[in-house]
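Enquirer: I am attaching a structure below and will ask some questions about it afterwards.
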Amino acid sequence: MLQTNLKHIESASDHQKILEENENVMICCGRMGPMCLPVYDIMEEFEPLYSHVKFYDMDFDIPDARVIRNAPECRGFMGLPFTVYYKNGKIVKATSSIQNEQQVRAILDSEFGNI
Amino acid sequence: MLQPETINKTNHYDAIIIGAGPAGLTAGIYLSRARARTLILNEGVVGGQMVLTHEIANYPGVEKTGGYQLSNIMKKQARSFGCEIRANIRISELHLEGDIKQVILSDGNAYTGNAVILAPGGRPRTMGADGESTFKGRGISYCATCDGDFFTGKEIVVVGGGNSALEEAVSLTKYVTKVTIVHQFDHFQAYQHAIDEAQSNPKIHFILNSTISAFHGSESLTSVDIQNLKTGEIREFKTDGAFIFIGYLPNTEFLAKIIELNEKGEIIVNGDMETSVRGVLAAGDCIAKRYRQVTTAIGDGTIAALSALNHLHQIKTRKSI
Ligand SMILES: Cc1cc2nc3c(=O)[nH]c(=O)nc-3n(C[C@H](O)[C@H](O)[C@H](O)COP(=O)(O)OP(=O)(O)OC[C@H]3O[C@@H](n4cnc5c(N)ncnc54)[C@H](O)[C@@H]3O)c2cc1C
């Protein structure tokens with residue numbers, strides 16, 4: 001499990017349930033590595049601000065993380081973390097490697113609406 | 001110039017520190033421990049470049065630690081003395097003249113302080129070549145420890161000729177079958193042991209006097225254009241990945257025209273870490289100096305904090321006369 005203050009997704013069924021129950025979901029799938037930590041940090045900052053979005057992380061190395069690792073939208077990704085944004089259960093945006101606050105904010109605003 | 005009567009007391013600090021890398025956090029520890037009301041404002045993740053460091057083995061007193069762990073301890077230590085830290089902020093205006101300095105953030109919050117310590121550090125230099133932003137995370141990486149295993153069994157290029165490029169190229173040979181180092185000169189700017197280790201590694205090859213002028217691919221990177229800087233000739237070179245280690249740029253663009261910078265954009269300071277503006281100190285990788293390490297950043301941060309305390313004392317003494 002990742003040592004972040006975000007809620008963790010620990011299995012493919014968890015992942016499925018979260019997507020069924022929530023309209024807007026952002027999941028950062030990574031490790032406790034230098035390119036991933038800044039993204040978790042940004043998500044922790046945004047969590048209280050974007051109340052209409054659910055924020056989760058998922059350990060890249062657990063077998064069930066294949067739901068993200070093997071997503072067609074992540075094909076060609078070669079940099080951690082893989083960050084995916086879902087609307088009504090469908091991936092609307094996916095990014096590879098570190099992103100800064102402005103980049104994450106721009107996606108949240110355009111895909112899920114401003115705060 | 002701000003006047004004392006315009007100060008909002010809740011948003012006023014003795015010292016404001018810009019940047020929460022090792023330099024800024026150290027200054028925060030010293031100032032808040034000396035009971036100066038201190039605020040650290042940080043644009044990115046607390047810990048700065050330290051967080052990018054998988055393992056720090058040269059921090060005296062600690063045999064080996066992760067950069068993330070070390071920065072978390074520094075953050076806790078600063079907070080335990082009362083230092084306030086705001087992360088993921090953006091500074092939109094900075095007024096440093098006079099006894100009362102003001103920092104305005106993009107969210108509209110404004111803070112004042114009697115001293116400011118600038119510790120915004122640096123960031124990896126990018127190449128600016130065609131296709132670089134398109135293939136970032138899709139074959140182009142700036143961190144070997146993060147992304148090395150995606151390239152297991154593949155062939156990659158490493159761009160750069162300094163210590164980081166050569167050391168990271170060697171570490172990447174754990175995963176890849178072949179590393180081609182592309183470097184703009186015919187010699188390296190690195191320690192001899194790093195050069196020897198790279199040159200004696202059978203998986204490492206060199207293309208010198210050359211640079212990458214473009215990155216190509218579809219879903220991910222498949223080739224690069226390598227330009228010979230002597231002849232100008234460009235040829236396509238098939239590769240699965242490119243790791244770029246071509247040095248660092250100081251994060252000082254927002255300070256241009258506000259304080260004195262040198263031609264590289266580094267902040268000019270004296271031995272007490274004082275800048276060209278009174279009451280404004282600077283510390284860490286952003287200042288004009290030769291060696292950039294966690295230990296040198298914390299040394300600078302200590303001196304800047306002590307100089308700031310001296311400045312605060314002078315302001316108080318002046319007022320009481
Ligand atoms: C891959 C890598 C490996 C390294 N390995 C080692 C090692 O093993 N040992 C060692 O001693 N050193 C190592 N270093 C060097 C060391 O990390 C740096 O020298 C040190 O972190 C510099 O500290 P700093 O506080 O000056 O700046 P930084 O660590 O760069 O921190 C600056 C902070 O300021 C923030 N900031 C920037 N602009 C603004 C702004 N406008 N407003 C507010 N905040 C801002 C940044 O987001 C950042 O959080 C390594 C560096 C890298 C990149």
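Simple scheme: letters A, B, ... for chains in structure tokens order, numbers from 1 for residues in each chain, numbers from 1 for ligands in the order shown.
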As a quick test: using only C-alpha atoms and all ligand atoms, which residues lie no more than 7 Å away from ligand 1? Give them as an MDAnalysis selection string.
Expert: chainID B and resid 18:24 41:50 52:53 55:59 89:91 119:124 143 251 254 283:286 292:295 297
Enquirer: Would you mind listing what lies within 12 Å of A:Tyr85 as a short mmCIF file (atom, residue, chain, number, x, y, z; two decimals) with N, CA and C atoms, in the first residue's frame, with only C-alpha atoms counted and same-chain residues fewer than 2 positions away left out?
Expert:
```cif
data_model
loop_
_atom_site.label_atom_id
_atom_site.label_comp_id
_atom_site.auth_asym_id
_atom_site.auth_seq_id
_atom_site.Cartn_x
_atom_site.Cartn_y
_atom_site.Cartn_z
N LEU A 19 -15.86 3.30 -9.58
CA LEU A 19 -16.28 3.90 -10.86
C LEU A 19 -17.80 3.83 -11.04
N ASN A 22 -19.34 6.66 -8.56
CA ASN A 22 -18.96 8.08 -8.62
C ASN A 22 -18.85 8.57 -10.05
N GLU A 23 -19.30 9.81 -10.25
CA GLU A 23 -19.30 10.37 -11.61
C GLU A 23 -17.88 10.77 -12.02
N ASN A 24 -17.19 11.51 -11.15
CA ASN A 24 -15.87 12.05 -11.49
C ASN A 24 -14.79 11.45 -10.59
N VAL A 25 -13.84 10.75 -11.19
CA VAL A 25 -12.81 10.08 -10.37
C VAL A 25 -11.43 10.33 -10.98
N MET A 26 -10.48 10.67 -10.10
CA MET A 26 -9.08 10.79 -10.53
C MET A 26 -8.28 9.74 -9.76
N ILE A 27 -7.52 8.91 -10.50
CA ILE A 27 -6.70 7.88 -9.84
C ILE A 27 -5.25 8.04 -10.28
N CYS A 28 -4.36 8.09 -9.29
CA CYS A 28 -2.94 8.16 -9.61
C CYS A 28 -2.32 6.81 -9.27
N CYS A 29 -1.80 6.14 -10.28
CA CYS A 29 -1.28 4.79 -10.10
C CYS A 29 0.25 4.87 -10.18
N VAL A 53 -15.22 15.67 -7.10
CA VAL A 53 -14.30 14.68 -7.68
C VAL A 53 -13.79 13.78 -6.56
N LYS A 54 -13.68 12.48 -6.85
CA LYS A 54 -13.10 11.55 -5.86
C LYS A 54 -11.64 11.29 -6.24
N PHE A 55 -10.76 11.36 -5.26
CA PHE A 55 -9.33 11.22 -5.51
C PHE A 55 -8.82 9.92 -4.87
N TYR A 56 -8.11 9.12 -5.65
CA TYR A 56 -7.57 7.85 -5.13
C TYR A 56 -6.16 7.63 -5.67
N ASP A 57 -5.40 6.80 -4.93
CA ASP A 57 -4.15 6.31 -5.52
C ASP A 57 -4.23 4.79 -5.62
N ILE A 68 -5.41 -0.34 -14.71
CA ILE A 68 -4.90 0.95 -15.19
C ILE A 68 -3.71 0.72 -16.13
N ALA A 71 -4.88 -0.28 -19.52
CA ALA A 71 -5.95 0.50 -20.17
C ALA A 71 -5.45 0.99 -21.53
N GLU A 73 -5.92 3.65 -23.02
CA GLU A 73 -5.51 5.06 -22.97
C GLU A 73 -4.09 5.20 -22.40
N CYS A 74 -3.57 4.14 -21.75
CA CYS A 74 -2.22 4.20 -21.16
C CYS A 74 -1.20 3.49 -22.04
N PHE A 82 1.01 6.73 -13.70
CA PHE A 82 -0.04 6.77 -14.70
C PHE A 82 -1.25 7.40 -13.98
N THR A 83 -1.69 8.54 -14.47
CA THR A 83 -2.82 9.22 -13.80
C THR A 83 -4.01 9.21 -14.75
N LYS A 87 -14.92 9.73 -16.15
CA LYS A 87 -16.25 10.36 -16.04
C LYS A 87 -17.28 9.27 -16.33
N ASN A 88 -18.19 9.06 -15.44
CA ASN A 88 -19.21 8.00 -15.57
C ASN A 88 -18.57 6.67 -15.97
N GLY A 89 -17.46 6.35 -15.35
CA GLY A 89 -16.81 5.05 -15.55
C GLY A 89 -15.91 4.96 -16.77
N LYS A 90 -15.86 6.01 -17.58
CA LYS A 90 -15.04 5.97 -18.82
C LYS A 90 -13.82 6.88 -18.64
N ILE A 91 -12.68 6.43 -19.18
CA ILE A 91 -11.49 7.28 -19.09
C ILE A 91 -11.64 8.45 -20.07
N VAL A 92 -11.54 9.67 -19.52
CA VAL A 92 -11.64 10.84 -20.40
C VAL A 92 -10.27 11.48 -20.62
N LYS A 93 -9.30 11.13 -19.77
CA LYS A 93 -7.96 11.70 -19.93
C LYS A 93 -6.98 10.81 -19.15
N ALA A 94 -5.78 10.67 -19.67
CA ALA A 94 -4.74 9.91 -18.95
C ALA A 94 -3.41 10.59 -19.20
N THR A 95 -2.58 10.69 -18.15
CA THR A 95 -1.25 11.30 -18.32
C THR A 95 -0.19 10.36 -17.77
N SER A 96 1.01 10.50 -18.33
CA SER A 96 2.14 9.69 -17.88
C SER A 96 3.21 10.62 -17.31
N VAL A 104 -2.61 19.55 -13.63
CA VAL A 104 -3.69 18.76 -13.01
C VAL A 104 -4.96 19.60 -12.91
N ARG A 105 -4.79 20.85 -12.48
CA ARG A 105 -5.95 21.74 -12.34
C ARG A 105 -6.66 21.92 -13.71
N ILE A 107 -6.83 19.88 -16.22
CA ILE A 107 -7.61 18.69 -16.59
C ILE A 107 -8.87 18.59 -15.74
N LEU A 108 -8.72 18.80 -14.43
CA LEU A 108 -9.89 18.70 -13.55
C LEU A 108 -10.96 19.70 -13.99
N ASP A 109 -10.52 20.92 -14.30
CA ASP A 109 -11.48 21.96 -14.69
C ASP A 109 -12.15 21.64 -16.02
N SER A 110 -11.34 21.17 -16.99
CA SER A 110 -11.94 20.96 -18.31
C SER A 110 -12.80 19.69 -18.34
N GLU A 111 -12.39 18.65 -17.63
CA GLU A 111 -13.16 17.40 -17.69
C GLU A 111 -14.32 17.34 -16.70
N PHE A 112 -14.11 17.95 -15.52
CA PHE A 112 -15.12 17.78 -14.46
C PHE A 112 -15.79 19.10 -14.05
#
```
Enquirer: For the structure I just gave you, how does DSSP split stretch 171-309 of chain B - specifically, which residues are strand (DSSP E or B)? Reply as a PyMOL selection string.
Expert: chain B and resi 178-182+189+204-207+210-217+221-228+234-238+241-244+248-250+261+267+274+280-282+287
Enquirer: In Å to one decimal, how far is atom CA of A:Phe77 from atom CA of B:Ile244?
Expert: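 About the pair atom CA of B:Ile244 and atom CA of A:Phe77: they are 17.1 Å apart.
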Enquirer: Check which residues of chain A sit at most 8 Å from chain B using only C-alpha atoms, and return one row each with the closest pair of atoms and their distance in Å to one decimal, ordered by chain and rising number, as CSV.
Expert:
```
residue,atom,partner,partner_atom,distance
A:Gly33,CA,B:Cys146,CA,6.1
A:Pro34,CA,B:Leu52,CA,4.3
A:Met35,CA,B:Cys146,CA,6.6
A:Leu37,CA,B:Val45,CA,7.8
A:Pro38,CA,B:Val45,CA,5.3
A:Asp41,CA,B:Val45,CA,6.5
A:Ile42,CA,B:Asn88,CA,7.0
A:Glu45,CA,B:Asn88,CA,7.6
A:Arg75,CA,B:Glu219,CA,7.1
A:Gly76,CA,B:Ser220,CA,5.0
A:Phe77,CA,B:Arg138,CA,4.8
A:Met78,CA,B:Arg138,CA,4.9
A:Gly79,CA,B:Gly137,CA,4.3
A:Leu80,CA,B:Asp147,CA,6.5
A:Ser96,CA,B:Gly137,CA,4.9
A:Ser97,CA,B:Gly137,CA,4.9
A:Asn100,CA,B:Gly44,CA,7.4
A:Glu101,CA,B:Asn88,CA,6.8
```
Enquirer: Write a file of the just-selected residues containing N, CA, C and O atoms, as a PDB file, in the first residue's frame.
Expert:
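Saved as selection-v9.pdb:
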```
ATOM      1  N   GLY A  33       7.784   7.018  -5.489  1.00  0.00           N
ATOM      2  CA  GLY A  33       8.980   7.498  -6.186  1.00  0.00           C
ATOM      3  C   GLY A  33       8.906   8.995  -6.442  1.00  0.00           C
ATOM      4  O   GLY A  33       7.858   9.622  -6.295  1.00  0.00           O
ATOM      5  N   PRO A  34      10.046   9.542  -6.845  1.00  0.00           N
ATOM      6  CA  PRO A  34      10.169  10.987  -6.996  1.00  0.00           C
ATOM      7  C   PRO A  34       9.222  11.638  -7.995  1.00  0.00           C
ATOM      8  O   PRO A  34       8.869  12.792  -7.830  1.00  0.00           O
ATOM      9  N   MET A  35       8.812  10.929  -9.036  1.00  0.00           N
ATOM     10  CA  MET A  35       7.919  11.547 -10.009  1.00  0.00           C
ATOM     11  C   MET A  35       6.455  11.420  -9.562  1.00  0.00           C
ATOM     12  O   MET A  35       5.592  12.147 -10.040  1.00  0.00           O
ATOM     13  N   LEU A  37       5.364  11.250  -6.118  1.00  0.00           N
ATOM     14  CA  LEU A  37       5.029  11.966  -4.876  1.00  0.00           C
ATOM     15  C   LEU A  37       4.444  13.350  -5.122  1.00  0.00           C
ATOM     16  O   LEU A  37       3.454  13.721  -4.498  1.00  0.00           O
ATOM     17  N   PRO A  38       5.007  14.128  -6.064  1.00  0.00           N
ATOM     18  CA  PRO A  38       4.423  15.454  -6.275  1.00  0.00           C
ATOM     19  C   PRO A  38       2.963  15.378  -6.731  1.00  0.00           C
ATOM     20  O   PRO A  38       2.159  16.225  -6.370  1.00  0.00           O
ATOM     21  N   ASP A  41       0.778  14.655  -3.772  1.00  0.00           N
ATOM     22  CA  ASP A  41       0.739  15.878  -2.968  1.00  0.00           C
ATOM     23  C   ASP A  41      -0.287  16.866  -3.515  1.00  0.00           C
ATOM     24  O   ASP A  41      -1.058  17.452  -2.767  1.00  0.00           O
ATOM     25  N   ILE A  42      -0.279  17.016  -4.832  1.00  0.00           N
ATOM     26  CA  ILE A  42      -1.222  17.942  -5.484  1.00  0.00           C
ATOM     27  C   ILE A  42      -2.652  17.437  -5.270  1.00  0.00           C
ATOM     28  O   ILE A  42      -3.560  18.201  -4.963  1.00  0.00           O
ATOM     29  N   GLU A  45      -3.886  18.244  -1.876  1.00  0.00           N
ATOM     30  CA  GLU A  45      -4.245  19.667  -1.778  1.00  0.00           C
ATOM     31  C   GLU A  45      -5.600  19.931  -2.428  1.00  0.00           C
ATOM     32  O   GLU A  45      -6.369  20.744  -1.966  1.00  0.00           O
ATOM     33  N   ARG A  75      -1.623   3.056 -23.220  1.00  0.00           N
ATOM     34  CA  ARG A  75      -0.686   2.378 -24.121  1.00  0.00           C
ATOM     35  C   ARG A  75       0.430   3.353 -24.491  1.00  0.00           C
ATOM     36  O   ARG A  75       0.167   4.515 -24.778  1.00  0.00           O
ATOM     37  N   GLY A  76       1.656   2.879 -24.452  1.00  0.00           N
ATOM     38  CA  GLY A  76       2.782   3.752 -24.795  1.00  0.00           C
ATOM     39  C   GLY A  76       3.323   4.521 -23.608  1.00  0.00           C
ATOM     40  O   GLY A  76       4.354   5.172 -23.707  1.00  0.00           O
ATOM     41  N   PHE A  77       2.648   4.435 -22.458  1.00  0.00           N
ATOM     42  CA  PHE A  77       3.149   5.157 -21.277  1.00  0.00           C
ATOM     43  C   PHE A  77       4.410   4.477 -20.753  1.00  0.00           C
ATOM     44  O   PHE A  77       4.465   3.256 -20.607  1.00  0.00           O
ATOM     45  N   MET A  78       5.444   5.262 -20.484  1.00  0.00           N
ATOM     46  CA  MET A  78       6.710   4.723 -19.979  1.00  0.00           C
ATOM     47  C   MET A  78       7.245   5.606 -18.872  1.00  0.00           C
ATOM     48  O   MET A  78       8.459   5.791 -18.735  1.00  0.00           O
ATOM     49  N   GLY A  79       6.369   6.233 -18.139  1.00  0.00           N
ATOM     50  CA  GLY A  79       6.822   7.088 -17.046  1.00  0.00           C
ATOM     51  C   GLY A  79       5.796   7.071 -15.941  1.00  0.00           C
ATOM     52  O   GLY A  79       4.593   7.213 -16.201  1.00  0.00           O
ATOM     53  N   LEU A  80       6.249   6.856 -14.723  1.00  0.00           N
ATOM     54  CA  LEU A  80       5.338   6.849 -13.576  1.00  0.00           C
ATOM     55  C   LEU A  80       5.117   8.269 -13.098  1.00  0.00           C
ATOM     56  O   LEU A  80       6.002   9.089 -13.216  1.00  0.00           O
ATOM     57  N   SER A  96       1.009  10.502 -18.326  1.00  0.00           N
ATOM     58  CA  SER A  96       2.139   9.690 -17.877  1.00  0.00           C
ATOM     59  C   SER A  96       3.211  10.619 -17.311  1.00  0.00           C
ATOM     60  O   SER A  96       3.421  11.708 -17.831  1.00  0.00           O
ATOM     61  N   SER A  97       3.857  10.180 -16.229  1.00  0.00           N
ATOM     62  CA  SER A  97       4.958  10.919 -15.585  1.00  0.00           C
ATOM     63  C   SER A  97       4.439  12.101 -14.756  1.00  0.00           C
ATOM     64  O   SER A  97       3.235  12.335 -14.655  1.00  0.00           O
ATOM     65  N   ASN A 100       2.496  19.040 -13.047  1.00  0.00           N
ATOM     66  CA  ASN A 100       2.477  20.074 -12.020  1.00  0.00           C
ATOM     67  C   ASN A 100       1.041  20.477 -11.693  1.00  0.00           C
ATOM     68  O   ASN A 100       0.085  20.001 -12.308  1.00  0.00           O
ATOM     69  N   GLU A 101       0.934  21.355 -10.694  1.00  0.00           N
ATOM     70  CA  GLU A 101      -0.382  21.738 -10.195  1.00  0.00           C
ATOM     71  C   GLU A 101      -1.263  22.330 -11.295  1.00  0.00           C
ATOM     72  O   GLU A 101      -2.445  22.003 -11.389  1.00  0.00           O
TER      73      GLU A 101
END
```
Enquirer: Neighbouring residues of stretch 114-118 of chain B were defined as those with any atom within 10 Å, considering only C-alpha atoms; residues of the same chain fewer than 4 positions away were excluded. Please report them as a compact mmCIF listing (two decimals) with N, CA and C atoms, in the first residue's frame.
Expert:
```
# COMPACT_ATOMS: atom_id res chain seq x y z
N HIS B 12 0.93 38.96 8.71
CA HIS B 12 2.28 39.53 8.79
C HIS B 12 3.23 38.56 9.52
N TYR B 13 4.40 38.39 8.95
CA TYR B 13 5.40 37.48 9.52
C TYR B 13 6.72 38.24 9.70
N ASP B 14 7.53 37.74 10.64
CA ASP B 14 8.88 38.31 10.74
C ASP B 14 9.65 37.97 9.47
N ALA B 15 9.51 36.73 9.06
CA ALA B 15 10.25 36.31 7.86
C ALA B 15 9.37 35.45 6.97
N ILE B 16 9.49 35.68 5.67
CA ILE B 16 8.81 34.83 4.69
C ILE B 16 9.90 34.13 3.88
N ILE B 17 9.76 32.83 3.73
CA ILE B 17 10.74 32.06 2.95
C ILE B 17 10.06 31.58 1.69
N ILE B 18 10.71 31.77 0.56
CA ILE B 18 10.13 31.30 -0.70
C ILE B 18 10.89 30.06 -1.16
N GLY B 19 10.21 28.93 -1.08
CA GLY B 19 10.84 27.65 -1.45
C GLY B 19 11.01 26.75 -0.23
N ALA B 20 10.54 25.50 -0.35
CA ALA B 20 10.64 24.55 0.76
C ALA B 20 11.48 23.34 0.38
N ALA B 23 17.16 24.10 1.64
CA ALA B 23 17.60 25.44 2.05
C ALA B 23 16.49 26.17 2.79
N GLY B 24 15.29 26.19 2.19
CA GLY B 24 14.17 26.90 2.79
C GLY B 24 13.72 26.26 4.10
N ALA B 27 16.19 27.12 6.86
CA ALA B 27 15.99 28.50 7.31
C ALA B 27 14.74 28.57 8.19
N GLY B 28 13.70 27.82 7.81
CA GLY B 28 12.47 27.80 8.60
C GLY B 28 12.69 27.24 9.99
N THR B 38 7.35 32.76 11.22
CA THR B 38 7.91 32.40 9.90
C THR B 38 6.90 31.67 9.03
N LEU B 39 6.86 32.07 7.76
CA LEU B 39 5.98 31.40 6.79
C LEU B 39 6.83 30.93 5.62
N ILE B 40 6.66 29.66 5.23
CA ILE B 40 7.32 29.18 4.01
C ILE B 40 6.25 29.02 2.94
N LEU B 96 9.70 43.85 -2.76
CA LEU B 96 10.77 43.59 -1.79
C LEU B 96 11.45 44.85 -1.25
N GLY B 98 12.05 48.33 0.85
CA GLY B 98 11.60 48.87 2.14
C GLY B 98 11.63 47.86 3.26
N ASP B 99 11.18 48.29 4.44
CA ASP B 99 11.23 47.42 5.62
C ASP B 99 10.12 46.38 5.61
N ILE B 100 9.05 46.68 4.90
CA ILE B 100 7.95 45.70 4.85
C ILE B 100 7.83 45.15 3.43
N LYS B 101 8.07 43.87 3.33
CA LYS B 101 8.04 43.21 2.01
C LYS B 101 6.66 42.57 1.85
N GLN B 102 6.22 42.44 0.62
CA GLN B 102 4.89 41.85 0.39
C GLN B 102 4.93 40.78 -0.69
N VAL B 103 4.25 39.68 -0.41
CA VAL B 103 4.13 38.59 -1.40
C VAL B 103 2.64 38.39 -1.66
N THR B 252 14.57 31.29 -11.04
CA THR B 252 14.63 32.70 -10.61
C THR B 252 13.98 33.66 -11.60
N LEU B 255 12.24 36.61 -10.36
CA LEU B 255 13.02 37.60 -9.60
C LEU B 255 13.74 38.60 -10.50
N ILE B 267 21.17 34.02 -8.28
CA ILE B 267 21.11 35.20 -7.41
C ILE B 267 22.51 35.50 -6.85
N MET B 273 24.85 35.71 2.75
CA MET B 273 23.68 35.37 1.93
C MET B 273 22.78 36.58 1.69
N GLU B 274 23.36 37.79 1.78
CA GLU B 274 22.56 38.99 1.51
C GLU B 274 22.54 39.25 0.01
N THR B 275 21.36 39.63 -0.49
CA THR B 275 21.23 39.95 -1.92
C THR B 275 21.41 41.45 -2.10
N VAL B 277 19.15 43.55 -2.32
CA VAL B 277 18.08 44.30 -1.65
C VAL B 277 18.15 44.05 -0.14
N ARG B 278 18.12 45.13 0.66
CA ARG B 278 18.26 44.98 2.11
C ARG B 278 17.09 44.17 2.69
N GLY B 279 17.43 43.25 3.59
CA GLY B 279 16.39 42.43 4.20
C GLY B 279 15.96 41.25 3.33
N VAL B 280 16.60 41.09 2.19
CA VAL B 280 16.30 39.94 1.33
C VAL B 280 17.55 39.07 1.21
N LEU B 281 17.42 37.84 1.70
CA LEU B 281 18.54 36.90 1.69
C LEU B 281 18.24 35.82 0.66
N ALA B 282 19.23 35.06 0.28
CA ALA B 282 18.97 33.94 -0.65
C ALA B 282 19.84 32.75 -0.24
N ALA B 283 19.36 31.55 -0.56
CA ALA B 283 20.08 30.35 -0.13
C ALA B 283 19.80 29.18 -1.05
N GLY B 284 20.78 28.28 -1.15
CA GLY B 284 20.56 27.01 -1.86
C GLY B 284 20.98 27.07 -3.32
N CYS B 286 19.73 28.20 -5.91
CA CYS B 286 19.39 29.38 -6.72
C CYS B 286 20.50 30.42 -6.70
N ILE B 287 21.47 30.31 -5.80
CA ILE B 287 22.49 31.37 -5.71
C ILE B 287 23.69 31.04 -6.60
N GLY B 301 21.13 27.88 3.99
CA GLY B 301 19.86 28.18 4.67
C GLY B 301 20.10 28.64 6.10
N ALA B 304 21.54 32.21 5.94
CA ALA B 304 20.48 33.16 5.56
C ALA B 304 19.56 33.42 6.74
N ALA B 305 19.21 32.36 7.50
CA ALA B 305 18.31 32.54 8.65
C ALA B 305 18.97 33.41 9.71
N SER B 307 21.33 35.62 9.29
CA SER B 307 21.41 36.99 8.77
C SER B 307 20.04 37.66 8.84
N ALA B 308 18.99 36.88 8.58
CA ALA B 308 17.64 37.45 8.67
C ALA B 308 17.34 37.87 10.11
N LEU B 309 17.75 37.02 11.06
CA LEU B 309 17.53 37.36 12.48
C LEU B 309 18.27 38.65 12.84
N HIS B 311 18.99 41.04 10.78
CA HIS B 311 18.26 42.13 10.13
C HIS B 311 17.02 42.50 10.95
N LEU B 312 16.31 41.50 11.46
CA LEU B 312 15.11 41.77 12.26
C LEU B 312 15.49 42.53 13.53
N ILE B 315 16.14 46.16 12.71
CA ILE B 315 14.90 46.93 12.50
C ILE B 315 14.30 47.32 13.87
```
Enquirer: Calculated over only C-alpha atoms, which of the candidates B:Ile104, B:Val182, B:Ala110, B:Ala78 has the smallest distance to B:Arg37?
Expert: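 Selected residue with least distance to B:Arg37: B:Ala78.
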Enquirer: Can you work out the spacing between atom CA of A:Pro72 and atom CA of A:Glu20 in Å, to one decimal?
Expert: 19.4 Å
Enquirer: From the DSSP assignment of the backbone, select every residue of stretch 86-210 of chain B that is helix (DSSP H, G or I), and format the answer as a list in words.
Expert: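 The helix (DSSP H, G or I) residues within stretch 86-210 of chain B come out as Ala144, Thr145, Cys146, Asp147, Gly148, Asp149, Phe150, Phe151, Asn163, Ser164, Ala165, Leu166, Glu167, Glu168, Ala169, Val170, Ser171, Leu172, Gln192, His193, Ala194, Ile195, Asp196, Glu197, Ala198 and Gln199 of chain B.
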